[in-house]
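Structure record follows, encoded as C-alpha cells.
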Amino acid sequence: MLAPPSTPAAPEAPTMGQRLIRSPHRWPVLIIVGAVLAGNALYLLHIFNPDPLNLISGIGEVTKAGVFNGAVATDPNNGITAQTLGHLVALDWFHGHVPWWNPFEGLGAPLASEMQAAAFFPPTLLLYLADGQVYSHALVELVAGLSTYFLLVRLRLGRPAAVAGAIAFALNGTYAWFSHAPTNPVCFLPLLLLGCEMAVDAVQSRRPLGWCTIAIALAASLYAGFPETAYIDGLLAAVWVVARAITLRGDWWRLLLKVAQGGVAGALLAAPIIVAFADYVPVADVGPHNGMFGSASVPHAALAQAITPYVYGPINAFSSNDKSGVLTMVWGSTGGYLTAAFVVLALIGLYGRRHRILRIGLVLWVALAMGRTYGLAPVQHLVNALPVMNDVAFFRYANPSWELAVIVLAAFGFDDIVRGLLPRWWIAGASLGGLVLVVMAHIGAGNLLDHIRSTPASNDWAMGSLLWGLGIIAAVGLAALVGRGRARIAVLLALVAADALGAFVIPQFSAPKAAHIDASSVRFLQRHLGNYRYYSFGPLGPDYGSYFGLSSLDVDDLPVPKVWGTFVTTKLDTNTVPTVFNGYFRRDPTGVSAEQEFFAHITTFEDAGVKYLVTFAQTTLPPLPSGRHLPLVFADPSLDVFQLPHPEPIFSVRGGGCRLQPHGVAAVTVDCPTSRALIRRELTMPGWQATVNGTDVPVRSYDKVYEQVKVPAGRSTITFTFAPPHLDLAVVALAAGVLAIGVLPIGLRRRARRSAL
C-alpha cells in the first residue's frame with residue numbers, strides 16, 4: 001500500500017529584518033538617516049560645541065572660538081528655557097516624579113503646564129545628557145524627514161522626489177536657526193498630513209478607521225510643548241483637508257468626519273497637557289500673548305532671507321554694525337528660510353495636473369502665511385480673524401508650515417521632471433523666474449546691507465549668497481532641461497541635498513570649538529544654599545538654578561503666574577516685567593536700576609528666602625542703610641557671591657517656639673508646643689494640596705503670595721504636592737483616547753473580517 005503524498009510545508013513568514021531588507025524603502029530611509037547625521041556631524045563628532053551652558057549660563061568660558069562670528073541660534077531660549085527646564089524635567093522623570101512643579105524658579109512655578117518645558121515629550125529625556133540637545137534635535141529632524149518621505153510616497157510621488165523632499169524638511173530653515181521649544185512640534189506636521197492622506201485613502205476604499213494617525217500626530221504635537229506651532233500647523237492641515245475634500249466630491253463629508261474623529265481622539269490623548277495648560281492660563285501672565293501680536297510682523301528687510309538665508313551673514317554676526325537696529329529685529333523675529341533649489345522646483349511644480357487642487361491649496365497657504373508673516377495689511381486682517389490669532393506670534397512660528405508647503409510643491413516639480421510631464425518652456429521659464437527672485441531679494445536687501453558694510457566680510461556674505469542662489473537655480477534648471485534618466489535624478493538630488501545641507505550647517509561654524517565651565521560657584525551654592533534662594537544680577541543666568549537644582553528668585557519664562565507678577569512689580573522691582581525678572585532687564589532703560597531696586601527692597605528679598613546675591617566678579621555694592629556692607633562669601637573669575645543678613649527659610653512657623661526639620665522643599669517635620677500656622681515660602685496657586693501626618697488639610701494663602709497650613713501641637717510631618725486642579729478629568733479623557741485608538745480599531749477590524757466571510 002502506497003503512503004499518501006506528503007503535504008508541502010507552508011513557507012515561513014519573513015522576519016522583520018527580512019522585510020526591512022526587501023523593502024523598496026530601505027535605501028531611501030538610509031539616505032534620509034545619512035543626511036540627518038551629516039547635518040549634525042559637526043556637533044556629533046564634537047568638532048564644534050553648541051552647549052548653551054558655555055554661552056548663556058554665565059559660568060562658561062569659550063577657550064577656542066568658532067570659525068564664524070555670530071550665534072548658533074536666533075533665540076537664547078535654547079538655553080534659558082529649553083535646556084534648563086528640559087534638564088529638570090528629565091531629572092524629575094528619572095527620579096520617579098511627574099514634573100508638574102518647578103521649585104527652583106522664582107517662588108516656584110508650574111512646570112509641565114508652562115508648555116515650553118515639553119514635560120511629556122519623550123526626546124526631552126535626552127536633555128539629561130551633556131549633549132542631549134544635539135541628540136534630541138537630530139531625533140526630531142529624523143522624524144520630520146521620514147514622515148515627509150512617507151507623506152510624499154502616499155501622494156504617489158516617486159522615491160527620488162520623496163527623498164529630496166524629506167531631506168529638505170529634515171534640514172529645514174527653522175531647525176537650522178531655532179533650537180528651542182517652537183521646533184518640537186514641527187516634526188509632526190508631515191505626520192499629521194500623512195494621517196489626512198490615510199483618511200482620504202480610507203474614504204476612497206470604504207474602509208473604517210483611517211484617522212488613528214491623525215490622532216497620534218495631533219496628540220504628539222500638543223505634548224511637544226509649543227501650542228502656537230501646533231495651532232498654525234493645524235491650519236495648514238485644515239487647508240490640506242479642504243483641498244482633498246474637494247477632489248472627493250460626494251464623499252467629502254466622509255473625509256471631514258474621519259478628520260473630526262481623529263481630532264477628537266487626539267485631543268483625548270493629549271488631555272493631560274491640554275487640561276494642565278487650560279488650568280494655568282487663567283491664572284497666568286502671558287506677556288505679549290494678550291492681543292499684542294495682532295499687528296506684529298517681520299521687517300520687510302527679512303524677505304531677502306527667505307531665499308538667500310545668509311545675505312546678512314551668519315546669525316547676528318553683523319548686527320552690531322547696524323546702528324538702526326533693524327538687523328537685530330530681523331534676526332529676532334524671523335523663524336526660518338527656504339533654499340534656492342526648492343524655490344525653483346516649487347515654481348516648476350506649479351504646472352502639473354496631478355493633485356491640482358492640492359497644489360492650488362498649498363500655493364494659497366504660502367501666500368497667506370508669508371503675507372501675514374511680512375505684514376501685508378489685507379492678509380494680516382484676514383488671518384487675524386481666526387480664533388485667538390491676535391495672541392499668536394504667527395510671524396515667527398508659521399515658517400515651518402510654509403516651508404513644508406513649498407517643499408511639497410517642489411517635490412511635485414521634481415517628480416514631474418523625472419516623469420517627463422513638463423514642457424521645456426515651462427522649466428526654462430520657472431528657472432528664469434527663480435533667478436529673478438534671487439536678484440530681487442538681493443536688491444531688496446540693499447538698504448540694510450548699506451548699514452552693515454563697515455567690514456569686508458559682510459560684503460563677502462552678501463555676494464556669496466547671491467552667487468550661490470543663482471548658481472543653484474541655474475544648475476537645477478540645466479539638469480532638468482538637458483539631463484536624462486538616472487543621471488538627471490542623481491544630479492537633481494545632489495543639488496537639493498547640497499543646498500539644504502549647506503544652509504543648515506552654516507550656524508554650526510559659529511559654535512565654539514572648545515569651552516570651559518567653571519562650576520565652583522555652583523558647588524558653593526549647592527553646599528550652602530539649603531532651604532533658601534539666591535538672586536542674581538546676571539551671572540549664573542536666569543533659570544539655570546533649575547538646571548543645577550538651586551532655588552533662584554530670577555525668572556525668564558513665559559507664562560508666569562499672575563500672583564508672581566503682582567509680587568514682583570509691587571514689592572521687588574518696579575522697573576521690570578514679571579516674565580523677565582533676571583536682575584538686569586529694565587522696562588524703562590532710563591529708570592532705576594536693578595541694583596537700586598534690590599537695595600530699596602532688600603527686606604522683601606530676604607522675606608522671599610533670598611540668602612545670597614550673585615553679581616559679576618569684582619562688583620562694588622553700596623552699603624546697607626545701617627552703613628554695613630554685604631559680606632563677600634565667595635568669588636571666582638566670573639562672579640561674586642554676597643550674603644544677606646536676615647533671610648527667611650522656605651519653612652517657618654508663625655510665633656516661633658517650634659523645631660523644624662525640612663526634607664527638601666516639599667516636606668517638613670515640625671514639633672510645636674501648641675497649634676501653629678506653618679508658612680511655606682512657595683507660590684500659592686490652585687492645585688496645591690497638603691497633608692499633616694497623612695491627613696489632608698487646606699492650603700491657604702499667606703501675605704497673598706505664600707502658602708500656609710495649620711499644624712497641631714506635637715510632632716507632625718507636613719507634605720505638599722502640586723497637580724493641575726482638573727487632572728482627574730484629564731486622566732479619564734486620556735483613558736478614553738487610548739481606548740479609541742487601541743481597542744476600537746481591533747473591534748472594527750474583526751467586524752470587517754466577519755462581514756467579509
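Ligands are numbered from 1 in the order shown, chains are lettered A, B, ... in the order of the C-alpha cells, and residues start at 1 in each chain.
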Handout entry: Selection near stretch 122-134 of chain A, 10 Å with only C-alpha atoms, sequence-local residues under 6 positions removed, as a VMD selection string
Key = chain A and resid 40 to 41 43 to 44 46 49 to 53 78 to 79 82 to 94 140 179 to 180 184 220 223 to 224 547
Practice task
Extract, using only C-alpha atoms, all DNA, RNA and protein residues at most 8 Å from A:Ile59, discarding same-chain residues fewer than 2 positions from it, and format them as a PyMOL selection string.
Solution key: chain A and resi 53-54+57+61+517-519+539-540+638
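Minimum distance to A:Arg484 across A:Gly541, A:Pro24, A:Gly434, A:Gly420 (counting only C-alpha atoms) occurs at A:Gly420.
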Per residue of stretch 249-326 of chain A within 8 Å of stretch 369-375 of chain A, which atom pair is closest and at what distance in Å (one decimal), using only C-alpha atoms, listed by chain and increasing number, as JSON lines?
{"residue": "A:Ser295", "atom": "CA", "partner": "A:Gly375", "partner_atom": "CA", "distance": 7.8}
{"residue": "A:Ala296", "atom": "CA", "partner": "A:Gly375", "partner_atom": "CA", "distance": 7.4}
{"residue": "A:Ser297", "atom": "CA", "partner": "A:Gly375", "partner_atom": "CA", "distance": 5.1}
{"residue": "A:Val298", "atom": "CA", "partner": "A:Tyr374", "partner_atom": "CA", "distance": 5.0}
{"residue": "A:Pro299", "atom": "CA", "partner": "A:Tyr374", "partner_atom": "CA", "distance": 6.5}
{"residue": "A:His300", "atom": "CA", "partner": "A:Tyr374", "partner_atom": "CA", "distance": 6.1}
{"residue": "A:Leu303", "atom": "CA", "partner": "A:Tyr374", "partner_atom": "CA", "distance": 7.4}
For the residues in that selection, give me N, CA, C and O atoms as a short mmCIF file (atom, residue, chain, number, x, y, z; two decimals), in the first residue's frame.
data_model
loop_
_atom_site.label_atom_id
_atom_site.label_comp_id
_atom_site.auth_asym_id
_atom_site.auth_seq_id
_atom_site.Cartn_x
_atom_site.Cartn_y
_atom_site.Cartn_z
N SER A 295 -0.68 92.97 15.32
CA SER A 295 -0.07 93.85 14.32
C SER A 295 1.42 93.57 14.12
O SER A 295 2.07 94.27 13.34
N ALA A 296 1.95 92.55 14.80
CA ALA A 296 3.38 92.27 14.70
C ALA A 296 3.70 91.52 13.42
O ALA A 296 2.93 90.66 12.97
N SER A 297 4.84 91.82 12.84
CA SER A 297 5.28 91.14 11.62
C SER A 297 6.80 91.22 11.54
O SER A 297 7.45 91.91 12.33
N VAL A 298 7.36 90.50 10.59
CA VAL A 298 8.80 90.52 10.36
C VAL A 298 9.14 91.72 9.48
O VAL A 298 8.42 92.01 8.52
N PRO A 299 10.21 92.46 9.79
CA PRO A 299 10.59 93.59 8.92
C PRO A 299 10.76 93.15 7.47
O PRO A 299 11.22 92.04 7.19
N HIS A 300 10.38 94.02 6.55
CA HIS A 300 10.45 93.68 5.13
C HIS A 300 11.86 93.33 4.68
O HIS A 300 12.04 92.57 3.72
N LEU A 303 12.69 89.68 4.08
CA LEU A 303 12.24 88.94 2.89
C LEU A 303 13.41 88.37 2.10
O LEU A 303 13.32 87.29 1.52
#
Exercise for the section: Using DSSP on the backbone coordinates, identify the residues of stretch 390-440 of chain A assigned to alpha helix (DSSP H); present them as a PyMOL selection string. Expected result: chain A and resi 394-397+399-419+424-440
Write out the residues from the selection above, keeping C-alpha atoms, as an mmCIF file, in the first residue's frame.
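Contents of the output file out-v6.cif:
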data_model
loop_
_atom_site.group_PDB
_atom_site.id
_atom_site.type_symbol
_atom_site.label_atom_id
_atom_site.label_comp_id
_atom_site.auth_asym_id
_atom_site.auth_seq_id
_atom_site.Cartn_x
_atom_site.Cartn_y
_atom_site.Cartn_z
ATOM 1 C CA PHE A 394 2.289 83.890 13.733
ATOM 2 C CA PHE A 395 5.015 85.945 12.070
ATOM 3 C CA ARG A 396 7.682 83.892 13.825
ATOM 4 C CA TYR A 397 6.230 80.423 14.193
ATOM 5 C CA ASN A 399 7.668 79.370 8.915
ATOM 6 C CA PRO A 400 7.722 75.564 9.165
ATOM 7 C CA SER A 401 4.239 75.379 7.656
ATOM 8 C CA TRP A 402 5.057 77.414 4.573
ATOM 9 C CA GLU A 403 8.454 75.752 4.321
ATOM 10 C CA LEU A 404 6.733 72.351 4.119
ATOM 11 C CA ALA A 405 4.130 73.655 1.663
ATOM 12 C CA VAL A 406 6.893 74.859 -0.658
ATOM 13 C CA ILE A 407 8.791 71.600 -0.214
ATOM 14 C CA VAL A 408 5.739 69.532 -1.199
ATOM 15 C CA LEU A 409 5.227 71.715 -4.285
ATOM 16 C CA ALA A 410 8.909 71.301 -5.089
ATOM 17 C CA ALA A 411 8.664 67.526 -4.698
ATOM 18 C CA PHE A 412 5.805 67.593 -7.216
ATOM 19 C CA GLY A 413 8.046 69.594 -9.542
ATOM 20 C CA PHE A 414 10.950 67.156 -9.037
ATOM 21 C CA ASP A 415 8.681 64.203 -9.812
ATOM 22 C CA ASP A 416 7.141 65.882 -12.859
ATOM 23 C CA ILE A 417 10.642 66.484 -14.246
ATOM 24 C CA VAL A 418 11.635 62.865 -13.695
ATOM 25 C CA ARG A 419 8.444 61.583 -15.342
ATOM 26 C CA ARG A 424 10.632 72.572 -21.683
ATOM 27 C CA TRP A 425 9.387 76.141 -21.967
ATOM 28 C CA TRP A 426 7.818 75.889 -18.504
ATOM 29 C CA ILE A 427 11.020 74.556 -16.914
ATOM 30 C CA ALA A 428 13.024 77.323 -18.570
ATOM 31 C CA GLY A 429 10.511 79.973 -17.533
ATOM 32 C CA ALA A 430 10.368 78.753 -13.917
ATOM 33 C CA SER A 431 14.169 78.699 -13.761
ATOM 34 C CA LEU A 432 14.303 82.239 -15.084
ATOM 35 C CA GLY A 433 11.685 83.231 -12.500
ATOM 36 C CA GLY A 434 13.835 81.741 -9.747
ATOM 37 C CA LEU A 435 16.857 83.714 -10.935
ATOM 38 C CA VAL A 436 14.764 86.891 -10.919
ATOM 39 C CA LEU A 437 13.590 86.187 -7.358
ATOM 40 C CA VAL A 438 17.172 85.820 -6.134
ATOM 41 C CA VAL A 439 18.226 89.063 -7.802
ATOM 42 C CA MET A 440 15.173 90.858 -6.390
#
Completion exercise
Restricting to only C-alpha atoms, whichever of A:Leu448, A:Ala271, A:Lys258, A:Ala238 is closest to A:Leu362 is A:Ala238
Problem - Exercise: stretch 72-75 of chain A partners within 7 Å, only C-alpha atoms, chain neighbours under 3 positions left out, as a list of chain:residue names - result: A:Pro50, A:Asn78, A:Trp177, A:Phe178, A:Ser179, A:Ile315, A:Trp331, A:Gly332, A:Pro507, A:Gln508, A:Ser510, A:Ala511
Interface rows for stretch 271-362 of chain A against stretch 717-738 of chain A: nearest pair, Å to one decimal, 7 Å, only C-alpha atoms, as a Markdown table:
| residue | atom | partner | partner_atom | distance |
| --- | --- | --- | --- | --- |
| A:Ala271 | CA | A:Ala730 | CA | 5.0 |
| A:Pro272 | CA | A:Ala730 | CA | 4.9 |
| A:Val275 | CA | A:Ala730 | CA | 6.1 |
| A:Ala276 | CA | A:Pro724 | CA | 5.4 |
| A:Asp279 | CA | A:Pro724 | CA | 6.5 |
Handout entry: Contact residues around A:Ala497 with only C-alpha atoms at 8 Å, ignoring same-chain residues under 5 positions, as a list in words
Key = Ala35, Ala164, Ile167 and Ala168 of chain A
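Take the candidates A:Val281, A:Leu678, A:Leu268, A:Leu493 and check each one against A:Gln708 using only C-alpha atoms; the shortest distance goes to A:Leu678.
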Handout entry: Nearest residue to A:Asp588 from the set A:Trp27, A:Ala487, A:Thr576, A:Ser319 (distances using only C-alpha atoms)
Key =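 Looking at the shortest contact to A:Asp588, the residue is A:Thr576.
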Problem - stretch 351-360 of chain A environment, 7 Å, only C-alpha atoms, sequence neighbours closer than 3 positions dropped, as a list in words - result: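 Close residues of stretch 351-360 of chain A: Trp240, Ala243, Arg244, Ile348, Val363, Leu364, Leu409 and Asp416 of chain A.
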Could you write those residues out with N, CA and C atoms, as a compact mmCIF listing (two decimals), in the first residue's frame?
# COMPACT_ATOMS: atom_id res chain seq x y z
N TRP A 240 -5.19 71.64 3.74
CA TRP A 240 -4.92 70.38 3.05
C TRP A 240 -6.20 69.54 2.96
N ALA A 243 -8.72 70.96 0.50
CA ALA A 243 -8.30 70.69 -0.88
C ALA A 243 -8.57 69.24 -1.26
N ARG A 244 -8.30 68.32 -0.37
CA ARG A 244 -8.54 66.91 -0.67
C ARG A 244 -10.02 66.58 -0.67
N ILE A 348 8.48 75.22 -10.66
CA ILE A 348 8.26 74.20 -11.68
C ILE A 348 7.04 73.35 -11.33
N VAL A 363 -0.37 76.64 -2.59
CA VAL A 363 0.01 77.99 -3.02
C VAL A 363 -0.75 79.04 -2.21
N LEU A 364 -2.03 78.80 -1.99
CA LEU A 364 -2.83 79.75 -1.21
C LEU A 364 -2.30 79.85 0.22
N LEU A 409 5.34 71.25 -2.90
CA LEU A 409 5.23 71.71 -4.29
C LEU A 409 6.50 71.40 -5.06
N ASP A 416 7.61 65.58 -11.50
CA ASP A 416 7.14 65.88 -12.86
C ASP A 416 8.31 65.93 -13.84
Practice task
Write down as a PyMOL selection string the residues belonging to stretch 450-672 of chain A that are assigned strand (DSSP E) by DSSP computed on the backbone.
Solution key: chain A and resi 514-517+533-536+555-556+560-561+580-581+610-616+632-635+639-643+651-653+659-662+667-672
Exercise for the section: Considering only C-alpha atoms, return as an MDAnalysis selection string whatever protein or nucleic-acid residues lie within 8 Å of A:Val143, sequence-local ones (same chain, fewer than 5 positions apart) excluded. Expected result: chainID A and resid 170 187:188
File dump, residues just selected, N, CA, C and O atoms, as a PDB file, in the first residue's frame:
ATOM      1  N   ALA A 170      13.799  67.689   6.679  1.00  0.00           N
ATOM      2  CA  ALA A 170      14.578  67.270   7.844  1.00  0.00           C
ATOM      3  C   ALA A 170      15.617  68.320   8.214  1.00  0.00           C
ATOM      4  O   ALA A 170      15.948  68.493   9.395  1.00  0.00           O
ATOM      5  N   CYS A 187       8.138  68.385  13.623  1.00  0.00           N
ATOM      6  CA  CYS A 187       8.313  67.070  13.000  1.00  0.00           C
ATOM      7  C   CYS A 187       7.003  66.331  12.831  1.00  0.00           C
ATOM      8  O   CYS A 187       6.928  65.377  12.040  1.00  0.00           O
ATOM      9  N   PHE A 188       5.959  66.747  13.556  1.00  0.00           N
ATOM     10  CA  PHE A 188       4.681  66.041  13.469  1.00  0.00           C
ATOM     11  C   PHE A 188       3.745  66.643  12.423  1.00  0.00           C
ATOM     12  O   PHE A 188       2.664  66.097  12.189  1.00  0.00           O
TER      13      PHE A 188
END
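Atom pair atom CA of A:Asp557 / atom CA of A:Ala181: separated by 12.1 Å.
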Exercise for the section: Name the residues in contact with A:Arg680 at a cut-off of 7 Å, using only C-alpha atoms, excluding same-chain residues fewer than 2 positions from it; report them as a PyMOL selection string. Expected result: chain A and resi 650-652+678+682+706-708
Kindly export the residues of the current selection with N, CA, C and O atoms, as a PDB file, in the first residue's frame.
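And here's part-v4.pdb as it stands now:
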ATOM      1  N   ILE A 650      12.652  78.700  53.698  1.00  0.00           N
ATOM      2  CA  ILE A 650      11.425  78.335  52.976  1.00  0.00           C
ATOM      3  C   ILE A 650      10.312  77.997  53.963  1.00  0.00           C
ATOM      4  O   ILE A 650       9.166  78.397  53.795  1.00  0.00           O
ATOM      5  N   PHE A 651      10.644  77.257  55.033  1.00  0.00           N
ATOM      6  CA  PHE A 651       9.659  76.888  56.057  1.00  0.00           C
ATOM      7  C   PHE A 651       9.902  77.697  57.324  1.00  0.00           C
ATOM      8  O   PHE A 651      11.048  77.848  57.772  1.00  0.00           O
ATOM      9  N   SER A 652       8.828  78.224  57.880  1.00  0.00           N
ATOM     10  CA  SER A 652       8.904  78.872  59.190  1.00  0.00           C
ATOM     11  C   SER A 652       7.535  78.746  59.856  1.00  0.00           C
ATOM     12  O   SER A 652       6.542  78.409  59.199  1.00  0.00           O
ATOM     13  N   LEU A 678       2.009  77.010  59.851  1.00  0.00           N
ATOM     14  CA  LEU A 678       3.270  76.780  59.150  1.00  0.00           C
ATOM     15  C   LEU A 678       3.274  77.598  57.859  1.00  0.00           C
ATOM     16  O   LEU A 678       2.359  77.491  57.042  1.00  0.00           O
ATOM     17  N   GLU A 682       6.588  79.311  49.254  1.00  0.00           N
ATOM     18  CA  GLU A 682       6.407  78.817  47.890  1.00  0.00           C
ATOM     19  C   GLU A 682       5.129  79.455  47.366  1.00  0.00           C
ATOM     20  O   GLU A 682       4.210  79.760  48.132  1.00  0.00           O
ATOM     21  N   TYR A 706       2.439  83.551  49.560  1.00  0.00           N
ATOM     22  CA  TYR A 706       2.992  82.305  50.072  1.00  0.00           C
ATOM     23  C   TYR A 706       1.873  81.358  50.509  1.00  0.00           C
ATOM     24  O   TYR A 706       0.685  81.674  50.416  1.00  0.00           O
ATOM     25  N   GLU A 707       2.270  80.189  51.011  1.00  0.00           N
ATOM     26  CA  GLU A 707       1.313  79.182  51.465  1.00  0.00           C
ATOM     27  C   GLU A 707       1.401  79.030  52.981  1.00  0.00           C
ATOM     28  O   GLU A 707       2.467  79.234  53.577  1.00  0.00           O
ATOM     29  N   GLN A 708       0.282  78.647  53.575  1.00  0.00           N
ATOM     30  CA  GLN A 708       0.298  78.321  54.995  1.00  0.00           C
ATOM     31  C   GLN A 708      -0.716  77.212  55.276  1.00  0.00           C
ATOM     32  O   GLN A 708      -1.739  77.105  54.609  1.00  0.00           O
TER      33      GLN A 708
END
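When only C-alpha atoms are used to compute distances to A:Leu139, the closest of the residues A:Phe537, A:Phe104, A:Tyr175, A:Tyr312 turns out to be A:Tyr175.
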Problem - Atom pair atom CA of A:Ala166 / atom CA of A:Gly225: separation (Å) - result: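 Rounded to one decimal, the two atoms are 23.4 Å apart.
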